[in-house]
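Novice: Take this structure, written in structure tokens, and hold onto it; I'll ask about it next.
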Amino acid sequence: MSLRICILETDILRPELVDQYQGYGHMFEQLFAQQPVTAEFSVYNVVEGNYPPDSEKFDAYLVTGSKADSFGSDPWIQTLKEYLLERYKRGDKLLGICFGHQLLALLLGGKAERAEQGWGVGVHSYRLAGKPEWMSPALDELQLLISHQDQVTRLPEKATLLASSDFCPIGAYHIEDQVLCFQGHPEFVHDYSRALLDLRQQHLGEQVYQQGVDSLKHSQQGSAVAEWMMRFVAQGKESKA
């Protein structure tokens, strides 16, 4: 039986990127289609105020990345926080990526803020702090494409650290069997990251831009993270079945 995943899309891509990449919801659908755990997806752009009807039931809700700040005061962010808190109280499984990783940390008692380390871009390497059973395939370290200037700086009380680096001490975490979040972008591909770097070159500064470009010669393991997320969601469903 396929999983049913609700993707809460928290951004609208730049016009220059829409034709090729469409949106983060579409990028996640493409990524998850390659995984051994089958799933069906429904995408709702919450920036535009779109949410699933209450009658729809999902095995998990995934919050995508965004150019917005997780600690921002935009009305759509406040609406999303209320929606996610209700889902959490109901016991629904929640997945967060980048903005979603930070927003869920904030919502559940942690802290996210502008990082003094500055922008993180390109391929980034994390140490893995734990290897639960659902983290299959097993890895000794993790490489992911990243694009962020904010970070989670304090975990929620019940959270367990999964991945870290000197640049990003809280790179991934989970809260029991209900919440799983990553700072990096498993849905990104190298070409998309390069396009973002080129569009932001002046804003990033030449040193950060060039370091990001140089890092793209390395591979990334977004596919493994996608499988971890699907296995994380499936584990409870399998036990109930």
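Naming works like this for the structure tokens: A, B, ... for the chains as they're shown, residue 1 at the start of each chain, ligands 1 onward in shown order.
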If you run DSSP on the backbone, which residues of stretch 20-156 of chain A are alpha helix (DSSP H), as number ranges by chain?

Specialist: A: 20-21, 24-32, 75-89, 99-107

Novice: Extract, using only C-alpha atoms, all DNA, RNA and protein residues at most 12 Å from stretch 203-216 of chain A, discarding same-chain residues fewer than 5 positions from it, and format them as a VMD selection string.

Specialist: chain A and resid 117 to 125 143 to 149 188 to 198

Novice: Please produce a file of the residues just selected, as a compact mmCIF listing (two decimals), in the first residue's frame, where the atoms kept are N, CA and C atoms.

Specialist:
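result.txt written:
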```
# COMPACT_ATOMS: atom_id res chain seq x y z
N GLN A 117 27.34 32.41 11.12
CA GLN A 117 28.25 31.81 10.16
C GLN A 117 28.03 32.34 8.74
N GLY A 118 26.89 32.98 8.50
CA GLY A 118 26.61 33.49 7.17
C GLY A 118 25.96 32.45 6.28
N TRP A 119 26.01 32.69 4.99
CA TRP A 119 25.37 31.80 4.01
C TRP A 119 26.08 30.46 3.91
N GLY A 120 25.27 29.39 3.85
CA GLY A 120 25.77 28.07 3.49
C GLY A 120 25.24 27.72 2.12
N VAL A 121 26.11 27.37 1.19
CA VAL A 121 25.69 27.06 -0.19
C VAL A 121 26.50 25.89 -0.73
N GLY A 122 25.97 25.27 -1.79
CA GLY A 122 26.68 24.18 -2.45
C GLY A 122 26.52 22.86 -1.73
N VAL A 123 27.48 21.97 -1.90
CA VAL A 123 27.45 20.65 -1.26
C VAL A 123 28.10 20.76 0.12
N HIS A 124 27.38 20.28 1.13
CA HIS A 124 27.86 20.37 2.51
C HIS A 124 27.92 18.98 3.12
N SER A 125 28.92 18.74 3.96
CA SER A 125 29.11 17.43 4.59
C SER A 125 28.76 17.49 6.07
N GLN A 143 26.33 13.95 2.63
CA GLN A 143 26.53 15.13 1.80
C GLN A 143 25.18 15.56 1.21
N LEU A 144 24.84 16.83 1.42
CA LEU A 144 23.61 17.38 0.88
C LEU A 144 23.87 18.75 0.26
N LEU A 145 23.08 19.10 -0.72
CA LEU A 145 23.09 20.45 -1.26
C LEU A 145 22.35 21.37 -0.29
N ILE A 146 22.91 22.55 -0.04
CA ILE A 146 22.32 23.47 0.92
C ILE A 146 22.22 24.87 0.32
N SER A 147 21.32 25.67 0.89
CA SER A 147 21.20 27.08 0.54
C SER A 147 20.44 27.76 1.68
N HIS A 148 21.18 28.30 2.65
CA HIS A 148 20.51 28.90 3.82
C HIS A 148 21.42 29.89 4.53
N GLN A 149 20.79 30.89 5.15
CA GLN A 149 21.52 31.81 6.02
C GLN A 149 20.97 31.80 7.44
N PHE A 188 17.13 19.06 -4.10
CA PHE A 188 17.96 19.84 -5.02
C PHE A 188 18.78 18.92 -5.93
N VAL A 189 19.06 19.39 -7.12
CA VAL A 189 20.03 18.77 -8.01
C VAL A 189 21.12 19.81 -8.28
N HIS A 190 22.27 19.35 -8.77
CA HIS A 190 23.40 20.26 -8.94
C HIS A 190 23.08 21.45 -9.84
N ASP A 191 22.35 21.19 -10.92
CA ASP A 191 22.04 22.28 -11.86
C ASP A 191 21.18 23.36 -11.21
N TYR A 192 20.24 22.95 -10.37
CA TYR A 192 19.40 23.92 -9.68
C TYR A 192 20.24 24.74 -8.70
N SER A 193 21.11 24.07 -7.96
CA SER A 193 21.98 24.77 -7.01
C SER A 193 22.86 25.79 -7.74
N ARG A 194 23.39 25.40 -8.89
CA ARG A 194 24.24 26.32 -9.65
C ARG A 194 23.43 27.52 -10.13
N ALA A 195 22.21 27.27 -10.56
CA ALA A 195 21.34 28.38 -11.00
C ALA A 195 21.07 29.35 -9.85
N LEU A 196 20.80 28.82 -8.66
CA LEU A 196 20.59 29.68 -7.49
C LEU A 196 21.85 30.49 -7.16
N LEU A 197 22.99 29.82 -7.22
CA LEU A 197 24.26 30.51 -6.94
C LEU A 197 24.48 31.66 -7.91
N ASP A 198 24.22 31.41 -9.19
CA ASP A 198 24.43 32.46 -10.19
C ASP A 198 23.48 33.63 -9.98
```

Novice: Show me, as a PDB file with N, CA, C and O atoms, in the first residue's frame, the residues that have an atom within 12 Å of A:Gly65 when counting only C-alpha atoms, minus same-chain residues fewer than 2 positions from it.

Specialist:
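Result file is out-v7.pdb:
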```pdb
ATOM      1  N   ILE A   7       2.420  17.574   0.655  1.00  0.00           N
ATOM      2  CA  ILE A   7       3.551  18.490   0.554  1.00  0.00           C
ATOM      3  C   ILE A   7       3.042  19.915   0.696  1.00  0.00           C
ATOM      4  O   ILE A   7       2.259  20.393  -0.129  1.00  0.00           O
ATOM      5  N   LEU A   8       3.455  20.572   1.762  1.00  0.00           N
ATOM      6  CA  LEU A   8       3.088  21.962   2.014  1.00  0.00           C
ATOM      7  C   LEU A   8       4.205  22.840   1.445  1.00  0.00           C
ATOM      8  O   LEU A   8       5.279  22.988   2.048  1.00  0.00           O
ATOM      9  N   GLU A   9       3.957  23.380   0.276  1.00  0.00           N
ATOM     10  CA  GLU A   9       4.957  24.139  -0.476  1.00  0.00           C
ATOM     11  C   GLU A   9       5.000  25.569   0.054  1.00  0.00           C
ATOM     12  O   GLU A   9       3.982  26.270   0.051  1.00  0.00           O
ATOM     13  N   THR A  10       6.178  26.003   0.514  1.00  0.00           N
ATOM     14  CA  THR A  10       6.285  27.283   1.215  1.00  0.00           C
ATOM     15  C   THR A  10       7.059  28.332   0.419  1.00  0.00           C
ATOM     16  O   THR A  10       7.646  29.240   1.002  1.00  0.00           O
ATOM     17  N   ASP A  11       7.040  28.209  -0.881  1.00  0.00           N
ATOM     18  CA  ASP A  11       7.745  29.180  -1.716  1.00  0.00           C
ATOM     19  C   ASP A  11       7.156  29.163  -3.115  1.00  0.00           C
ATOM     20  O   ASP A  11       6.434  28.229  -3.497  1.00  0.00           O
ATOM     21  N   ILE A  12       7.471  30.196  -3.865  1.00  0.00           N
ATOM     22  CA  ILE A  12       7.186  30.261  -5.297  1.00  0.00           C
ATOM     23  C   ILE A  12       8.519  30.552  -5.966  1.00  0.00           C
ATOM     24  O   ILE A  12       9.188  31.547  -5.623  1.00  0.00           O
ATOM     25  N   LEU A  13       8.936  29.695  -6.877  1.00  0.00           N
ATOM     26  CA  LEU A  13      10.258  29.843  -7.479  1.00  0.00           C
ATOM     27  C   LEU A  13      10.380  31.134  -8.276  1.00  0.00           C
ATOM     28  O   LEU A  13       9.397  31.689  -8.771  1.00  0.00           O
ATOM     29  N   GLY A  23       8.478  23.864  -9.168  1.00  0.00           N
ATOM     30  CA  GLY A  23       8.344  24.236  -7.767  1.00  0.00           C
ATOM     31  C   GLY A  23       8.915  23.149  -6.879  1.00  0.00           C
ATOM     32  O   GLY A  23       9.230  22.048  -7.340  1.00  0.00           O
ATOM     33  N   TYR A  24       9.046  23.452  -5.588  1.00  0.00           N
ATOM     34  CA  TYR A  24       9.635  22.470  -4.676  1.00  0.00           C
ATOM     35  C   TYR A  24       8.763  21.224  -4.527  1.00  0.00           C
ATOM     36  O   TYR A  24       9.275  20.121  -4.345  1.00  0.00           O
ATOM     37  N   GLY A  25       7.447  21.406  -4.620  1.00  0.00           N
ATOM     38  CA  GLY A  25       6.575  20.235  -4.562  1.00  0.00           C
ATOM     39  C   GLY A  25       6.878  19.272  -5.687  1.00  0.00           C
ATOM     40  O   GLY A  25       6.998  18.060  -5.478  1.00  0.00           O
ATOM     41  N   MET A  27       9.670  19.054  -7.388  1.00  0.00           N
ATOM     42  CA  MET A  27      11.019  18.507  -7.210  1.00  0.00           C
ATOM     43  C   MET A  27      11.003  17.348  -6.216  1.00  0.00           C
ATOM     44  O   MET A  27      11.693  16.337  -6.403  1.00  0.00           O
ATOM     45  N   PHE A  28      10.203  17.478  -5.157  1.00  0.00           N
ATOM     46  CA  PHE A  28      10.083  16.370  -4.205  1.00  0.00           C
ATOM     47  C   PHE A  28       9.382  15.168  -4.824  1.00  0.00           C
ATOM     48  O   PHE A  28       9.775  14.022  -4.583  1.00  0.00           O
ATOM     49  N   ASN A  45       0.239  24.879  -2.088  1.00  0.00           N
ATOM     50  CA  ASN A  45       1.098  26.041  -1.865  1.00  0.00           C
ATOM     51  C   ASN A  45       0.490  26.919  -0.774  1.00  0.00           C
ATOM     52  O   ASN A  45      -0.507  27.611  -0.991  1.00  0.00           O
ATOM     53  N   VAL A  46       1.102  26.883   0.400  1.00  0.00           N
ATOM     54  CA  VAL A  46       0.529  27.594   1.549  1.00  0.00           C
ATOM     55  C   VAL A  46       0.805  29.088   1.497  1.00  0.00           C
ATOM     56  O   VAL A  46       0.128  29.866   2.164  1.00  0.00           O
ATOM     57  N   VAL A  47       1.797  29.512   0.702  1.00  0.00           N
ATOM     58  CA  VAL A  47       2.021  30.949   0.503  1.00  0.00           C
ATOM     59  C   VAL A  47       0.775  31.562  -0.135  1.00  0.00           C
ATOM     60  O   VAL A  47       0.387  32.692   0.169  1.00  0.00           O
ATOM     61  N   LEU A  62       4.812  17.220   4.722  1.00  0.00           N
ATOM     62  CA  LEU A  62       6.179  17.679   4.482  1.00  0.00           C
ATOM     63  C   LEU A  62       6.174  19.178   4.233  1.00  0.00           C
ATOM     64  O   LEU A  62       5.462  19.669   3.356  1.00  0.00           O
ATOM     65  N   VAL A  63       6.980  19.911   5.002  1.00  0.00           N
ATOM     66  CA  VAL A  63       7.110  21.357   4.855  1.00  0.00           C
ATOM     67  C   VAL A  63       8.399  21.647   4.091  1.00  0.00           C
ATOM     68  O   VAL A  63       9.491  21.273   4.533  1.00  0.00           O
ATOM     69  N   LYS A  67      12.396  30.909   0.621  1.00  0.00           N
ATOM     70  CA  LYS A  67      13.262  32.082   0.752  1.00  0.00           C
ATOM     71  C   LYS A  67      12.871  32.919   1.972  1.00  0.00           C
ATOM     72  O   LYS A  67      13.619  33.792   2.410  1.00  0.00           O
ATOM     73  N   ALA A  68      11.701  32.661   2.547  1.00  0.00           N
ATOM     74  CA  ALA A  68      11.242  33.390   3.731  1.00  0.00           C
ATOM     75  C   ALA A  68      11.988  32.926   4.982  1.00  0.00           C
ATOM     76  O   ALA A  68      12.572  31.834   5.013  1.00  0.00           O
ATOM     77  N   ASP A  69      11.974  33.766   6.003  1.00  0.00           N
ATOM     78  CA  ASP A  69      12.551  33.396   7.298  1.00  0.00           C
ATOM     79  C   ASP A  69      11.517  32.653   8.131  1.00  0.00           C
ATOM     80  O   ASP A  69      10.361  33.087   8.223  1.00  0.00           O
ATOM     81  N   SER A  70      11.928  31.569   8.760  1.00  0.00           N
ATOM     82  CA  SER A  70      11.005  30.794   9.591  1.00  0.00           C
ATOM     83  C   SER A  70      10.495  31.614  10.774  1.00  0.00           C
ATOM     84  O   SER A  70       9.403  31.372  11.292  1.00  0.00           O
ATOM     85  N   LEU A  95       7.399  16.245   8.437  1.00  0.00           N
ATOM     86  CA  LEU A  95       8.728  16.265   7.846  1.00  0.00           C
ATOM     87  C   LEU A  95       9.076  17.709   7.507  1.00  0.00           C
ATOM     88  O   LEU A  95       8.237  18.440   6.989  1.00  0.00           O
ATOM     89  N   GLY A  96      10.314  18.129   7.775  1.00  0.00           N
ATOM     90  CA  GLY A  96      10.702  19.503   7.483  1.00  0.00           C
ATOM     91  C   GLY A  96      12.037  19.566   6.770  1.00  0.00           C
ATOM     92  O   GLY A  96      12.976  18.858   7.127  1.00  0.00           O
ATOM     93  N   ILE A  97      12.117  20.442   5.760  1.00  0.00           N
ATOM     94  CA  ILE A  97      13.340  20.657   5.006  1.00  0.00           C
ATOM     95  C   ILE A  97      13.681  22.146   5.017  1.00  0.00           C
ATOM     96  O   ILE A  97      12.842  22.980   4.661  1.00  0.00           O
ATOM     97  N   CYS A  98      14.882  22.481   5.441  1.00  0.00           N
ATOM     98  CA  CYS A  98      15.403  23.854   5.464  1.00  0.00           C
ATOM     99  C   CYS A  98      14.444  24.776   6.240  1.00  0.00           C
ATOM    100  O   CYS A  98      14.408  24.726   7.459  1.00  0.00           O
ATOM    101  N   PHE A  99      13.661  25.599   5.563  1.00  0.00           N
ATOM    102  CA  PHE A  99      12.660  26.435   6.228  1.00  0.00           C
ATOM    103  C   PHE A  99      11.754  25.583   7.123  1.00  0.00           C
ATOM    104  O   PHE A  99      11.452  25.962   8.262  1.00  0.00           O
ATOM    105  N   GLY A 100      11.321  24.426   6.627  1.00  0.00           N
ATOM    106  CA  GLY A 100      10.456  23.539   7.408  1.00  0.00           C
ATOM    107  C   GLY A 100      11.157  22.990   8.635  1.00  0.00           C
ATOM    108  O   GLY A 100      10.550  22.856   9.709  1.00  0.00           O
ATOM    109  N   HIS A 101      12.430  22.652   8.489  1.00  0.00           N
ATOM    110  CA  HIS A 101      13.285  22.192   9.592  1.00  0.00           C
ATOM    111  C   HIS A 101      13.342  23.260  10.690  1.00  0.00           C
ATOM    112  O   HIS A 101      13.216  22.961  11.885  1.00  0.00           O
ATOM    113  N   GLN A 102      13.510  24.508  10.281  1.00  0.00           N
ATOM    114  CA  GLN A 102      13.613  25.609  11.242  1.00  0.00           C
ATOM    115  C   GLN A 102      12.250  25.949  11.853  1.00  0.00           C
ATOM    116  O   GLN A 102      12.144  26.170  13.065  1.00  0.00           O
ATOM    117  N   LEU A 103      11.211  25.964  11.024  1.00  0.00           N
ATOM    118  CA  LEU A 103       9.884  26.328  11.512  1.00  0.00           C
ATOM    119  C   LEU A 103       9.371  25.328  12.539  1.00  0.00           C
ATOM    120  O   LEU A 103       8.815  25.707  13.574  1.00  0.00           O
ATOM    121  N   LEU A 104       9.565  24.042  12.276  1.00  0.00           N
ATOM    122  CA  LEU A 104       9.104  23.025  13.220  1.00  0.00           C
ATOM    123  C   LEU A 104       9.903  23.080  14.517  1.00  0.00           C
ATOM    124  O   LEU A 104       9.353  22.869  15.604  1.00  0.00           O
ATOM    125  N   ILE A 146      22.912  22.552  -0.044  1.00  0.00           N
ATOM    126  CA  ILE A 146      22.318  23.475   0.922  1.00  0.00           C
ATOM    127  C   ILE A 146      22.215  24.873   0.316  1.00  0.00           C
ATOM    128  O   ILE A 146      22.924  25.221  -0.627  1.00  0.00           O
ATOM    129  N   SER A 147      21.320  25.665   0.886  1.00  0.00           N
ATOM    130  CA  SER A 147      21.204  27.082   0.543  1.00  0.00           C
ATOM    131  C   SER A 147      20.443  27.756   1.680  1.00  0.00           C
ATOM    132  O   SER A 147      19.213  27.763   1.703  1.00  0.00           O
ATOM    133  N   HIS A 148      21.180  28.300   2.654  1.00  0.00           N
ATOM    134  CA  HIS A 148      20.507  28.899   3.825  1.00  0.00           C
ATOM    135  C   HIS A 148      21.420  29.890   4.530  1.00  0.00           C
ATOM    136  O   HIS A 148      22.639  29.744   4.518  1.00  0.00           O
ATOM    137  N   ASP A 150      19.919  31.003   7.669  1.00  0.00           N
ATOM    138  CA  ASP A 150      19.342  30.803   8.996  1.00  0.00           C
ATOM    139  C   ASP A 150      19.652  29.384   9.465  1.00  0.00           C
ATOM    140  O   ASP A 150      19.866  28.492   8.640  1.00  0.00           O
ATOM    141  N   CYS A 181      13.458  16.157  10.466  1.00  0.00           N
ATOM    142  CA  CYS A 181      13.809  17.394   9.767  1.00  0.00           C
ATOM    143  C   CYS A 181      15.280  17.430   9.363  1.00  0.00           C
ATOM    144  O   CYS A 181      16.148  16.943  10.089  1.00  0.00           O
ATOM    145  N   PHE A 182      15.542  18.063   8.210  1.00  0.00           N
ATOM    146  CA  PHE A 182      16.896  18.231   7.676  1.00  0.00           C
ATOM    147  C   PHE A 182      17.092  19.678   7.230  1.00  0.00           C
ATOM    148  O   PHE A 182      16.220  20.261   6.589  1.00  0.00           O
ATOM    149  N   GLN A 183      18.265  20.235   7.547  1.00  0.00           N
ATOM    150  CA  GLN A 183      18.594  21.580   7.071  1.00  0.00           C
ATOM    151  C   GLN A 183      18.895  21.568   5.571  1.00  0.00           C
ATOM    152  O   GLN A 183      18.562  22.505   4.853  1.00  0.00           O
ATOM    153  N   GLY A 184      19.545  20.518   5.091  1.00  0.00           N
ATOM    154  CA  GLY A 184      19.901  20.425   3.678  1.00  0.00           C
ATOM    155  C   GLY A 184      18.706  20.110   2.798  1.00  0.00           C
ATOM    156  O   GLY A 184      17.608  19.806   3.280  1.00  0.00           O
ATOM    157  N   HIS A 185      18.947  20.172   1.489  1.00  0.00           N
ATOM    158  CA  HIS A 185      17.885  19.992   0.495  1.00  0.00           C
ATOM    159  C   HIS A 185      18.063  18.686  -0.292  1.00  0.00           C
ATOM    160  O   HIS A 185      18.761  18.671  -1.308  1.00  0.00           O
ATOM    161  N   PRO A 186      17.420  17.605   0.107  1.00  0.00           N
ATOM    162  CA  PRO A 186      17.536  16.364  -0.669  1.00  0.00           C
ATOM    163  C   PRO A 186      16.930  16.478  -2.060  1.00  0.00           C
ATOM    164  O   PRO A 186      17.317  15.750  -2.967  1.00  0.00           O
ATOM    165  N   GLU A 187      15.981  17.400  -2.235  1.00  0.00           N
ATOM    166  CA  GLU A 187      15.291  17.541  -3.527  1.00  0.00           C
ATOM    167  C   GLU A 187      16.105  18.331  -4.546  1.00  0.00           C
ATOM    168  O   GLU A 187      15.808  18.307  -5.748  1.00  0.00           O
ATOM    169  N   PHE A 188      17.130  19.059  -4.105  1.00  0.00           N
ATOM    170  CA  PHE A 188      17.958  19.838  -5.023  1.00  0.00           C
ATOM    171  C   PHE A 188      18.783  18.921  -5.931  1.00  0.00           C
ATOM    172  O   PHE A 188      19.184  17.829  -5.527  1.00  0.00           O
TER     173      PHE A 188
END
```

Novice: Give the answer as one residue: which of A:Glu113, A:Pro169, A:Arg231, A:Leu199 has the shortest atom-to-atom distance to A:Pro15, using only C-alpha atoms?

Specialist: A:Leu199

Novice: Write out as a PyMOL selection string all residues of stretch 57-205 of chain A that backbone DSSP assigns to strand (DSSP E or B).

Specialist: chain A and resi 60-63+94-97+111-114+120-128+141-148+150-154+159-164+172-175+179-182+185

Novice: Please identify all polymer residues within 8 Å of stretch 53-58 of chain A, counting only C-alpha atoms, omitting same-chain residues fewer than 4 positions from it, and present them as number ranges by chain.

Specialist: A: 3-6

Novice: Output N, CA, C and O atoms for every residue in the selection just made, as a PDB file, in the first residue's frame.

Specialist:
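What ended up in out03.pdb:
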```
ATOM      1  N   LEU A   3       2.132   5.082   0.573  1.00  0.00           N
ATOM      2  CA  LEU A   3       1.970   6.150   1.545  1.00  0.00           C
ATOM      3  C   LEU A   3       1.266   7.321   0.881  1.00  0.00           C
ATOM      4  O   LEU A   3       1.368   7.518  -0.336  1.00  0.00           O
ATOM      5  N   ARG A   4       0.576   8.111   1.676  1.00  0.00           N
ATOM      6  CA  ARG A   4      -0.032   9.346   1.175  1.00  0.00           C
ATOM      7  C   ARG A   4       0.656  10.514   1.881  1.00  0.00           C
ATOM      8  O   ARG A   4       0.583  10.647   3.105  1.00  0.00           O
ATOM      9  N   ILE A   5       1.342  11.342   1.095  1.00  0.00           N
ATOM     10  CA  ILE A   5       2.124  12.444   1.642  1.00  0.00           C
ATOM     11  C   ILE A   5       1.552  13.768   1.163  1.00  0.00           C
ATOM     12  O   ILE A   5       1.345  13.970  -0.038  1.00  0.00           O
ATOM     13  N   CYS A   6       1.319  14.671   2.101  1.00  0.00           N
ATOM     14  CA  CYS A   6       0.900  16.030   1.783  1.00  0.00           C
ATOM     15  C   CYS A   6       2.133  16.926   1.782  1.00  0.00           C
ATOM     16  O   CYS A   6       2.844  17.015   2.788  1.00  0.00           O
TER      17      CYS A   6
END
```

Novice: For a quick check of understanding, using only C-alpha atoms, which of A:Glu48, A:Ala60, A:Ile175, A:Arg87 has the smallest distance to A:Pro75?

Specialist: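 Closest candidate: A:Glu48.
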
Novice: Can you work out which one of A:Tyr126, A:Trp76, A:Tyr51, A:Tyr61 has the shortest atom-to-atom distance to A:Gln178, counting only C-alpha atoms?

Specialist: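 Of all the options, A:Tyr61 lies closest to A:Gln178.
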
Novice: Could you give me, as CSV, a per-residue list for stretch 87-178 of chain A showing, wherever an atom lies at most 12 Å from an atom of stretch 30-44 of chain A, the closest pair of atoms and their distance in Å to one decimal, using only C-alpha atoms and sorting by chain then residue number from low to high?

Specialist:
```
residue,atom,partner,partner_atom,distance
A:Trp134,CA,A:Val37,CA,11.8
A:Ser136,CA,A:Pro36,CA,11.1
A:Pro137,CA,A:Pro36,CA,11.2
```

Novice: Find the residues around A:Leu161 up to 12 Å (only C-alpha atoms counted), leave out those fewer than 6 positions away in its own chain, and share them as a PyMOL selection string.

Specialist: chain A and resi 105+126-132+152-155+168-176+179-183

Novice: Quick one: pull the distance between atom CA of A:His26 and atom CA of A:Glu133, Å, one decimal.

Specialist: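 One can read the atom CA of A:His26 to atom CA of A:Glu133 distance as 28.2 Å.
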
Novice: So which residues touch A:Asp177 within 9 Å, counting only C-alpha atoms, skipping near sequence neighbours fewer than 3 positions away, as a ChimeraX atom specification?

Specialist: /A:93,174,180,232-233,235-236

Novice: Which of these, A:Met230, A:Ala159, A:Ala138, A:Leu80, has the shortest distance to A:Asn50 once you count only C-alpha atoms?

Specialist: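 Of all the options, A:Leu80 lies closest to A:Asn50.
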
Novice: From the options A:Leu139, A:Asp19, A:Leu106, A:Lys81, which residue's atoms come nearest to A:Trp228, counting only C-alpha atoms?

Specialist: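 Closest to A:Trp228 of all the choices is A:Leu139.
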
Novice: So the first atom is atom CA of A:Glu86 and the second is atom CA of A:Ala115; what is the distance between them in Å, to one decimal place?

Specialist: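 Between these atoms lies a distance of 28.5 Å.
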